[in-house]
>>> print(open('target31.cif').read())   # mmCIF, C-alpha atoms
data_model
#
loop_
_atom_site.label_atom_id
_atom_site.label_comp_id
_atom_site.auth_asym_id
_atom_site.auth_seq_id
_atom_site.Cartn_x
_atom_site.Cartn_y
_atom_site.Cartn_z
CA MET A 1 169.30 104.62 194.61
CA ALA A 2 168.52 106.21 191.26
CA GLU A 3 171.57 108.47 191.49
CA GLY A 4 173.87 105.55 192.29
CA LEU A 5 172.41 103.39 189.54
CA ALA A 6 172.64 106.20 186.97
CA ARG A 7 176.23 107.01 187.92
CA ALA A 8 177.16 103.34 187.59
CA ARG A 9 175.43 103.02 184.20
CA PHE A 10 176.41 106.31 182.56
CA GLY A 11 179.80 106.94 184.15
CA GLU A 12 181.48 109.97 182.62
CA ARG A 13 178.98 110.10 179.71
CA ALA A 14 176.45 112.03 181.82
CA ARG A 15 176.33 114.39 184.75
CA VAL A 16 174.00 112.80 187.28
CA GLN A 17 172.32 114.83 190.00
CA SER A 18 169.47 113.87 192.29
CA ALA A 19 167.17 115.83 194.54
CA GLY A 20 163.78 115.61 196.14
CA SER A 21 160.84 117.72 197.22
CA ALA A 22 161.28 116.65 200.86
CA PRO A 23 164.88 115.45 201.25
CA SER A 24 165.90 113.50 204.32
CA SER A 25 168.71 111.09 205.12
CA VAL A 26 169.71 108.22 202.84
CA ASN A 27 167.88 105.14 204.07
CA PRO A 28 170.19 102.38 205.37
CA LEU A 29 168.08 99.79 203.52
CA ALA A 30 168.78 101.65 200.26
CA VAL A 31 172.49 101.48 201.06
CA ARG A 32 172.18 97.72 201.67
CA ALA A 33 170.16 97.08 198.51
CA MET A 34 172.70 98.96 196.40
CA ALA A 35 175.67 97.27 198.10
CA GLU A 36 174.24 93.96 196.85
CA LEU A 37 175.04 95.23 193.34
CA GLY A 38 178.47 96.48 194.33
CA ILE A 39 177.38 100.13 194.31
CA ASP A 40 178.28 102.18 197.38
CA ILE A 41 175.82 105.02 198.03
CA SER A 42 176.75 105.45 201.68
CA GLY A 43 178.43 108.78 200.89
CA GLN A 44 175.44 110.21 199.06
CA ARG A 45 173.19 112.75 200.73
CA SER A 46 169.63 113.79 200.11
CA LYS A 47 169.34 117.25 198.56
CA PRO A 48 166.51 119.69 197.81
CA VAL A 49 165.59 120.46 194.19
CA ASP A 50 166.46 124.12 194.81
CA ASN A 51 170.14 123.12 195.04
CA ILE A 52 170.28 122.11 191.37
CA ASP A 53 171.09 124.74 188.76
CA PRO A 54 168.54 124.37 185.92
CA ALA A 55 171.22 125.39 183.41
CA THR A 56 173.07 122.12 184.16
CA VAL A 57 170.10 119.87 183.34
CA ASP A 58 168.75 118.54 180.06
CA THR A 59 166.66 115.59 181.33
CA VAL A 60 164.62 115.30 184.54
CA VAL A 61 163.36 111.93 185.74
CA THR A 62 160.75 112.02 188.49
CA LEU A 63 160.16 108.85 190.50
CA CYS A 64 157.30 109.96 192.72
CA ALA A 65 154.11 107.91 192.87
CA ASP A 66 152.11 108.77 195.98
CA GLU A 67 154.10 111.75 197.19
CA VAL A 68 154.37 115.20 195.64
CA CYS A 69 156.73 115.37 192.67
CA PRO A 70 159.25 118.19 192.75
CA VAL A 71 158.79 120.90 190.14
CA PHE A 72 161.82 121.73 188.06
CA PRO A 73 161.42 125.20 186.50
CA SER A 74 163.13 124.67 183.19
CA ARG A 75 162.47 123.56 179.65
CA VAL A 76 163.97 120.11 179.76
CA ARG A 77 163.11 116.60 178.68
CA ARG A 78 160.89 115.12 181.38
CA LEU A 79 160.39 111.44 182.15
CA HIS A 80 158.01 110.34 184.87
CA TRP A 81 158.57 106.92 186.41
CA PRO A 82 155.92 106.64 189.17
CA LEU A 83 157.54 104.18 191.55
CA PRO A 84 156.47 103.66 195.15
CA ASP A 85 158.80 105.10 197.77
CA PRO A 86 160.25 101.99 199.44
CA ALA A 87 161.03 104.02 202.56
CA GLY A 88 157.29 104.01 203.29
CA ALA A 89 157.07 100.22 203.33
CA SER A 90 156.00 98.46 206.49
CA GLY A 91 156.69 94.96 207.72
CA SER A 92 159.79 93.14 208.85
CA GLU A 93 163.25 94.35 207.88
CA ASP A 94 163.43 91.59 205.25
CA GLU A 95 160.09 92.66 203.77
CA ARG A 96 161.17 96.31 203.68
CA LEU A 97 164.52 95.38 202.11
CA ALA A 98 162.63 93.39 199.47
CA ARG A 99 160.68 96.55 198.60
CA PHE A 100 163.96 98.46 198.14
CA ARG A 101 165.26 95.67 195.90
CA THR A 102 162.12 95.76 193.76
CA VAL A 103 162.32 99.52 193.24
CA ARG A 104 166.10 99.33 192.67
CA ASP A 105 165.65 96.68 189.99
CA GLU A 106 162.87 98.63 188.27
CA ILE A 107 164.99 101.79 188.14
CA ALA A 108 167.93 99.78 186.77
CA ALA A 109 165.73 98.26 184.05
CA ARG A 110 164.38 101.67 183.04
CA LEU A 111 167.88 103.16 182.95
CA GLU A 112 168.96 100.29 180.72
CA ARG A 113 166.12 101.05 178.28
CA LEU A 114 167.02 104.74 178.43
CA ASP A 115 170.65 103.93 177.58
CA PRO A 116 170.66 101.01 175.12
CA ALA A 117 174.25 101.86 174.08
CA GLY A 118 175.49 101.55 177.68
CA SER A 119 177.40 98.70 179.24
#
>>> encode(input="target31.cif", output="structure tokens")
Amino acid sequence: MAEGLARARFGERARVQSAGSAPSSVNPLAVRAMAELGIDISGQRSKPVDNIDPATVDTVVTLCADEVCPVFPSRVRRLHWPLPDPAGASGSEDERLARFRTVRDEIAARLERLDPAGS
């Protein structure tokens, strides 16, 4: 979700890449939560941190709260936003989707503060 939100906010002004310490498939509830904002992330895929060239990065944002944060071996600006992984939520589908919406909205708000000149 963070990649889709950042791409939508920054457009061509920034190169956006995302990766994780334990990548898996993109959660269908994440796709649904983002579609509610008109952002299609259905074509995104989960990637390992090792796939990102450190020379192409100047800012790293980590979102991990309870899980292990990936280590990025480079001297870059680091921001840590410890948000719960909504994929770990339990309950009904509506309750789990609500968790994705909450995390989505928090990431969007933080990106807005990070980019006050944006749209």
>>> resolve_selection(input="target31.cif", expression="the PyMOL selection byres ((chain A and resi 24) around 8)", output="ChimeraX atom specification")
/A:22-23,25-26,46-47
>>> residues_near_point(input="target31.cif", point="(165.3, 94.6, 198.6)", cutoff="12 Å", atoms="only C-alpha atoms", output="list of chain:residue names")
A:Met1, A:Pro28, A:Leu29, A:Ala30, A:Val31, A:Arg32, A:Ala33, A:Met34, A:Ala35, A:Glu36, A:Leu37, A:Pro86, A:Ala87, A:Ala89, A:Ser92, A:Glu93, A:Asp94, A:Glu95, A:Arg96, A:Leu97, A:Ala98, A:Arg99, A:Phe100, A:Arg101, A:Thr102, A:Val103, A:Arg104, A:Asp105, A:Glu106
>>> write_last_selection(input="target31.cif", atoms="C-alpha atoms", output="short mmCIF file (atom, residue, chain, number, x, y, z; two decimals), in the coordinates of the input")
data_model
loop_
_atom_site.label_atom_id
_atom_site.label_comp_id
_atom_site.auth_asym_id
_atom_site.auth_seq_id
_atom_site.Cartn_x
_atom_site.Cartn_y
_atom_site.Cartn_z
CA MET A 1 169.30 104.62 194.61
CA PRO A 28 170.19 102.38 205.37
CA LEU A 29 168.08 99.79 203.52
CA ALA A 30 168.78 101.65 200.26
CA VAL A 31 172.49 101.48 201.06
CA ARG A 32 172.18 97.72 201.67
CA ALA A 33 170.16 97.08 198.51
CA MET A 34 172.70 98.96 196.40
CA ALA A 35 175.67 97.27 198.10
CA GLU A 36 174.24 93.96 196.85
CA LEU A 37 175.04 95.23 193.34
CA PRO A 86 160.25 101.99 199.44
CA ALA A 87 161.03 104.02 202.56
CA ALA A 89 157.07 100.22 203.33
CA SER A 92 159.79 93.14 208.85
CA GLU A 93 163.25 94.35 207.88
CA ASP A 94 163.43 91.59 205.25
CA GLU A 95 160.09 92.66 203.77
CA ARG A 96 161.17 96.31 203.68
CA LEU A 97 164.52 95.38 202.11
CA ALA A 98 162.63 93.39 199.47
CA ARG A 99 160.68 96.55 198.60
CA PHE A 100 163.96 98.46 198.14
CA ARG A 101 165.26 95.67 195.90
CA THR A 102 162.12 95.76 193.76
CA VAL A 103 162.32 99.52 193.24
CA ARG A 104 166.10 99.33 192.67
CA ASP A 105 165.65 96.68 189.99
CA GLU A 106 162.87 98.63 188.27
#
>>> closest_atom_pairs(input="target31.cif", of="range 80-106 of chain A", to="range 58-70 of chain A", cutoff="8 Å", atoms="all atoms listed in the file", output="Markdown table")
| residue | atom | partner | partner_atom | distance |
| --- | --- | --- | --- | --- |
| A:His80 | CA | A:Thr62 | CA | 4.8 |
| A:Trp81 | CA | A:Leu63 | CA | 4.8 |
| A:Pro82 | CA | A:Ala65 | CA | 4.3 |
| A:Leu83 | CA | A:Ala65 | CA | 5.2 |
| A:Pro84 | CA | A:Ala65 | CA | 5.4 |
| A:Asp85 | CA | A:Cys64 | CA | 7.2 |
>>> atom_distance(input="target31.cif", atom1="CA of Ala55 in chain A", atom2="CA of Arg78 in chain A")
14.7 Å
>>> resolve_selection(input="target31.cif", expression="the PyMOL selection byres ((chain A and resi 19) around 8)", output="compact mmCIF listing (two decimals) with C-alpha atoms, in the coordinates of the input")
# COMPACT_ATOMS: atom_id res chain seq x y z
CA GLN A 17 172.32 114.83 190.00
CA SER A 18 169.47 113.87 192.29
CA GLY A 20 163.78 115.61 196.14
CA SER A 21 160.84 117.72 197.22
CA PRO A 23 164.88 115.45 201.25
CA SER A 46 169.63 113.79 200.11
CA LYS A 47 169.34 117.25 198.56
CA PRO A 48 166.51 119.69 197.81
CA VAL A 49 165.59 120.46 194.19
CA ASN A 51 170.14 123.12 195.04
CA ILE A 52 170.28 122.11 191.37
>>> atom_distance(input="target31.cif", atom1="CA of Leu5 in chain A", atom2="CA of Gly88 in chain A")
20.4 Å
>>> residues_around(input="target31.cif", residues="Ala14 in chain A", least_positions_apart="4", cutoff="12 Å", atoms="only C-alpha atoms", output="JSON list (two decimals) with C-alpha atoms, in the coordinates of the input")
[["chain", "number", "residue", "atom", "x", "y", "z"],
["A", 3, "GLU", "CA", 171.57, 108.47, 191.49],
["A", 6, "ALA", "CA", 172.64, 106.20, 186.97],
["A", 7, "ARG", "CA", 176.23, 107.01, 187.92],
["A", 8, "ALA", "CA", 177.16, 103.34, 187.59],
["A", 9, "ARG", "CA", 175.43, 103.02, 184.20],
["A", 10, "PHE", "CA", 176.41, 106.31, 182.56],
["A", 56, "THR", "CA", 173.07, 122.12, 184.16],
["A", 57, "VAL", "CA", 170.10, 119.87, 183.34],
["A", 58, "ASP", "CA", 168.75, 118.54, 180.06],
["A", 59, "THR", "CA", 166.66, 115.59, 181.33],
["A", 115, "ASP", "CA", 170.65, 103.93, 177.58],
["A", 118, "GLY", "CA", 175.49, 101.55, 177.68]]
>>> axis_aligned_box(input="target31.cif", around="range 52-64 of chain A", padding_each_side="5 Å", output="lines of an AutoDock Vina configuration file")
center_x = 165.2
center_y = 117.1
center_z = 186.4
size_x = 25.8
size_y = 26.5
size_z = 22.7
>>> atom_distance(input="target31.cif", atom1="CA of Arg75 in chain A", atom2="CA of Arg15 in chain A")
17.4 Å
>>> decode(input="target31.cif", residues="range 63-106 of chain A", atoms="N, CA and C atoms", output="mmCIF file, in the first residue's frame")
data_model
loop_
_atom_site.group_PDB
_atom_site.id
_atom_site.type_symbol
_atom_site.label_atom_id
_atom_site.label_comp_id
_atom_site.auth_asym_id
_atom_site.auth_seq_id
_atom_site.Cartn_x
_atom_site.Cartn_y
_atom_site.Cartn_z
ATOM 1 N N LEU A 63 8.215 0.488 7.901
ATOM 2 C CA LEU A 63 6.857 0.487 8.434
ATOM 3 C C LEU A 63 6.640 -0.593 9.482
ATOM 4 N N CYS A 64 7.643 -1.360 9.774
ATOM 5 C CA CYS A 64 7.490 -2.513 10.659
ATOM 6 C C CYS A 64 7.231 -2.083 12.109
ATOM 7 N N ALA A 65 6.381 -2.835 12.770
ATOM 8 C CA ALA A 65 6.077 -2.586 14.175
ATOM 9 C C ALA A 65 6.450 -3.811 14.998
ATOM 10 N N ASP A 66 5.764 -4.924 14.749
ATOM 11 C CA ASP A 66 6.005 -6.142 15.521
ATOM 12 C C ASP A 66 6.963 -7.095 14.825
ATOM 13 N N GLU A 67 7.095 -6.967 13.525
ATOM 14 C CA GLU A 67 7.954 -7.865 12.775
ATOM 15 C C GLU A 67 9.359 -7.264 12.657
ATOM 16 N N VAL A 68 10.271 -8.018 12.108
ATOM 17 C CA VAL A 68 11.651 -7.571 11.953
ATOM 18 C C VAL A 68 11.737 -6.574 10.805
ATOM 19 N N CYS A 69 12.348 -5.424 11.064
ATOM 20 C CA CYS A 69 12.543 -4.426 10.016
ATOM 21 C C CYS A 69 13.705 -4.838 9.130
ATOM 22 N N PRO A 70 13.560 -4.658 7.835
ATOM 23 C CA PRO A 70 14.689 -4.960 6.946
ATOM 24 C C PRO A 70 15.833 -3.976 7.188
ATOM 25 N N VAL A 71 17.032 -4.440 6.986
ATOM 26 C CA VAL A 71 18.211 -3.588 7.130
ATOM 27 C C VAL A 71 18.630 -3.155 5.739
ATOM 28 N N PHE A 72 18.854 -1.868 5.582
ATOM 29 C CA PHE A 72 19.277 -1.352 4.289
ATOM 30 C C PHE A 72 20.693 -0.827 4.449
ATOM 31 N N PRO A 73 21.671 -1.511 3.872
ATOM 32 C CA PRO A 73 23.085 -1.196 4.102
ATOM 33 C C PRO A 73 23.568 -0.003 3.289
ATOM 34 N N SER A 74 23.180 1.178 3.717
ATOM 35 C CA SER A 74 23.579 2.370 2.993
ATOM 36 C C SER A 74 23.417 3.577 3.901
ATOM 37 N N ARG A 75 24.145 4.613 3.597
ATOM 38 C CA ARG A 75 23.995 5.868 4.341
ATOM 39 C C ARG A 75 22.909 6.685 3.667
ATOM 40 N N VAL A 76 21.723 6.565 4.200
ATOM 41 C CA VAL A 76 20.565 7.255 3.640
ATOM 42 C C VAL A 76 19.749 7.855 4.775
ATOM 43 N N ARG A 77 18.866 8.743 4.419
ATOM 44 C CA ARG A 77 17.912 9.271 5.391
ATOM 45 C C ARG A 77 16.975 8.134 5.761
ATOM 46 N N ARG A 78 16.753 7.939 7.046
ATOM 47 C CA ARG A 78 15.889 6.850 7.516
ATOM 48 C C ARG A 78 14.727 7.414 8.325
ATOM 49 N N LEU A 79 13.539 6.964 7.976
ATOM 50 C CA LEU A 79 12.326 7.308 8.713
ATOM 51 C C LEU A 79 11.690 6.000 9.154
ATOM 52 N N HIS A 80 11.312 5.933 10.415
ATOM 53 C CA HIS A 80 10.677 4.710 10.910
ATOM 54 C C HIS A 80 9.246 5.037 11.322
ATOM 55 N N TRP A 81 8.311 4.418 10.636
ATOM 56 C CA TRP A 81 6.890 4.574 10.926
ATOM 57 C C TRP A 81 6.370 3.220 11.396
ATOM 58 N N PRO A 82 6.411 2.932 12.690
ATOM 59 C CA PRO A 82 6.021 1.606 13.190
ATOM 60 C C PRO A 82 4.503 1.400 13.150
ATOM 61 N N LEU A 83 4.044 0.855 12.040
ATOM 62 C CA LEU A 83 2.618 0.594 11.865
ATOM 63 C C LEU A 83 2.366 -0.906 11.903
ATOM 64 N N PRO A 84 1.265 -1.322 12.491
ATOM 65 C CA PRO A 84 0.963 -2.754 12.546
ATOM 66 C C PRO A 84 0.707 -3.308 11.152
ATOM 67 N N ASP A 85 1.152 -4.517 10.925
ATOM 68 C CA ASP A 85 0.918 -5.173 9.639
ATOM 69 C C ASP A 85 -0.546 -5.604 9.591
ATOM 70 N N PRO A 86 -1.350 -4.997 8.736
ATOM 71 C CA PRO A 86 -2.772 -5.348 8.708
ATOM 72 C C PRO A 86 -3.016 -6.776 8.230
ATOM 73 N N ALA A 87 -2.046 -7.368 7.571
ATOM 74 C CA ALA A 87 -2.219 -8.754 7.104
ATOM 75 C C ALA A 87 -2.321 -9.717 8.280
ATOM 76 N N GLY A 88 -1.847 -9.312 9.445
ATOM 77 C CA GLY A 88 -1.912 -10.166 10.626
ATOM 78 C C GLY A 88 -3.195 -10.021 11.413
ATOM 79 N N ALA A 89 -4.102 -9.182 10.948
ATOM 80 C CA ALA A 89 -5.351 -8.950 11.668
ATOM 81 C C ALA A 89 -6.251 -10.181 11.602
ATOM 82 N N SER A 90 -6.999 -10.373 12.661
ATOM 83 C CA SER A 90 -7.971 -11.464 12.683
ATOM 84 C C SER A 90 -9.372 -10.857 12.688
ATOM 85 N N GLY A 91 -10.361 -11.708 12.631
ATOM 86 C CA GLY A 91 -11.741 -11.254 12.639
ATOM 87 C C GLY A 91 -12.401 -11.493 11.296
ATOM 88 N N SER A 92 -13.558 -10.885 11.144
ATOM 89 C CA SER A 92 -14.318 -11.042 9.899
ATOM 90 C C SER A 92 -13.590 -10.312 8.770
ATOM 91 N N GLU A 93 -14.013 -10.568 7.553
ATOM 92 C CA GLU A 93 -13.405 -9.873 6.413
ATOM 93 C C GLU A 93 -13.573 -8.364 6.540
ATOM 94 N N ASP A 94 -14.735 -7.912 7.001
ATOM 95 C CA ASP A 94 -14.965 -6.479 7.186
ATOM 96 C C ASP A 94 -14.030 -5.893 8.237
ATOM 97 N N GLU A 95 -13.808 -6.624 9.322
ATOM 98 C CA GLU A 95 -12.897 -6.162 10.376
ATOM 99 C C GLU A 95 -11.454 -6.097 9.863
ATOM 100 N N ARG A 96 -11.062 -7.102 9.088
ATOM 101 C CA ARG A 96 -9.704 -7.110 8.533
ATOM 102 C C ARG A 96 -9.535 -5.996 7.512
ATOM 103 N N LEU A 97 -10.546 -5.757 6.672
ATOM 104 C CA LEU A 97 -10.494 -4.672 5.700
ATOM 105 C C LEU A 97 -10.395 -3.323 6.420
ATOM 106 N N ALA A 98 -11.092 -3.191 7.524
ATOM 107 C CA ALA A 98 -11.018 -1.952 8.309
ATOM 108 C C ALA A 98 -9.589 -1.706 8.796
ATOM 109 N N ARG A 99 -8.896 -2.755 9.173
ATOM 110 C CA ARG A 99 -7.496 -2.626 9.613
ATOM 111 C C ARG A 99 -6.626 -2.131 8.458
ATOM 112 N N PHE A 100 -6.843 -2.666 7.253
ATOM 113 C CA PHE A 100 -6.102 -2.196 6.076
ATOM 114 C C PHE A 100 -6.398 -0.722 5.809
ATOM 115 N N ARG A 101 -7.650 -0.331 5.948
ATOM 116 C CA ARG A 101 -8.011 1.073 5.729
ATOM 117 C C ARG A 101 -7.312 1.986 6.735
ATOM 118 N N THR A 102 -7.265 1.563 7.985
ATOM 119 C CA THR A 102 -6.630 2.371 9.022
ATOM 120 C C THR A 102 -5.148 2.577 8.716
ATOM 121 N N VAL A 103 -4.459 1.503 8.373
ATOM 122 C CA VAL A 103 -3.034 1.601 8.055
ATOM 123 C C VAL A 103 -2.834 2.415 6.780
ATOM 124 N N ARG A 104 -3.655 2.181 5.776
ATOM 125 C CA ARG A 104 -3.595 2.949 4.523
ATOM 126 C C ARG A 104 -3.714 4.442 4.800
ATOM 127 N N ASP A 105 -4.689 4.812 5.607
ATOM 128 C CA ASP A 105 -4.932 6.224 5.892
ATOM 129 C C ASP A 105 -3.789 6.840 6.698
ATOM 130 N N GLU A 106 -3.196 6.076 7.592
ATOM 131 C CA GLU A 106 -2.065 6.580 8.372
ATOM 132 C C GLU A 106 -0.845 6.793 7.475
#
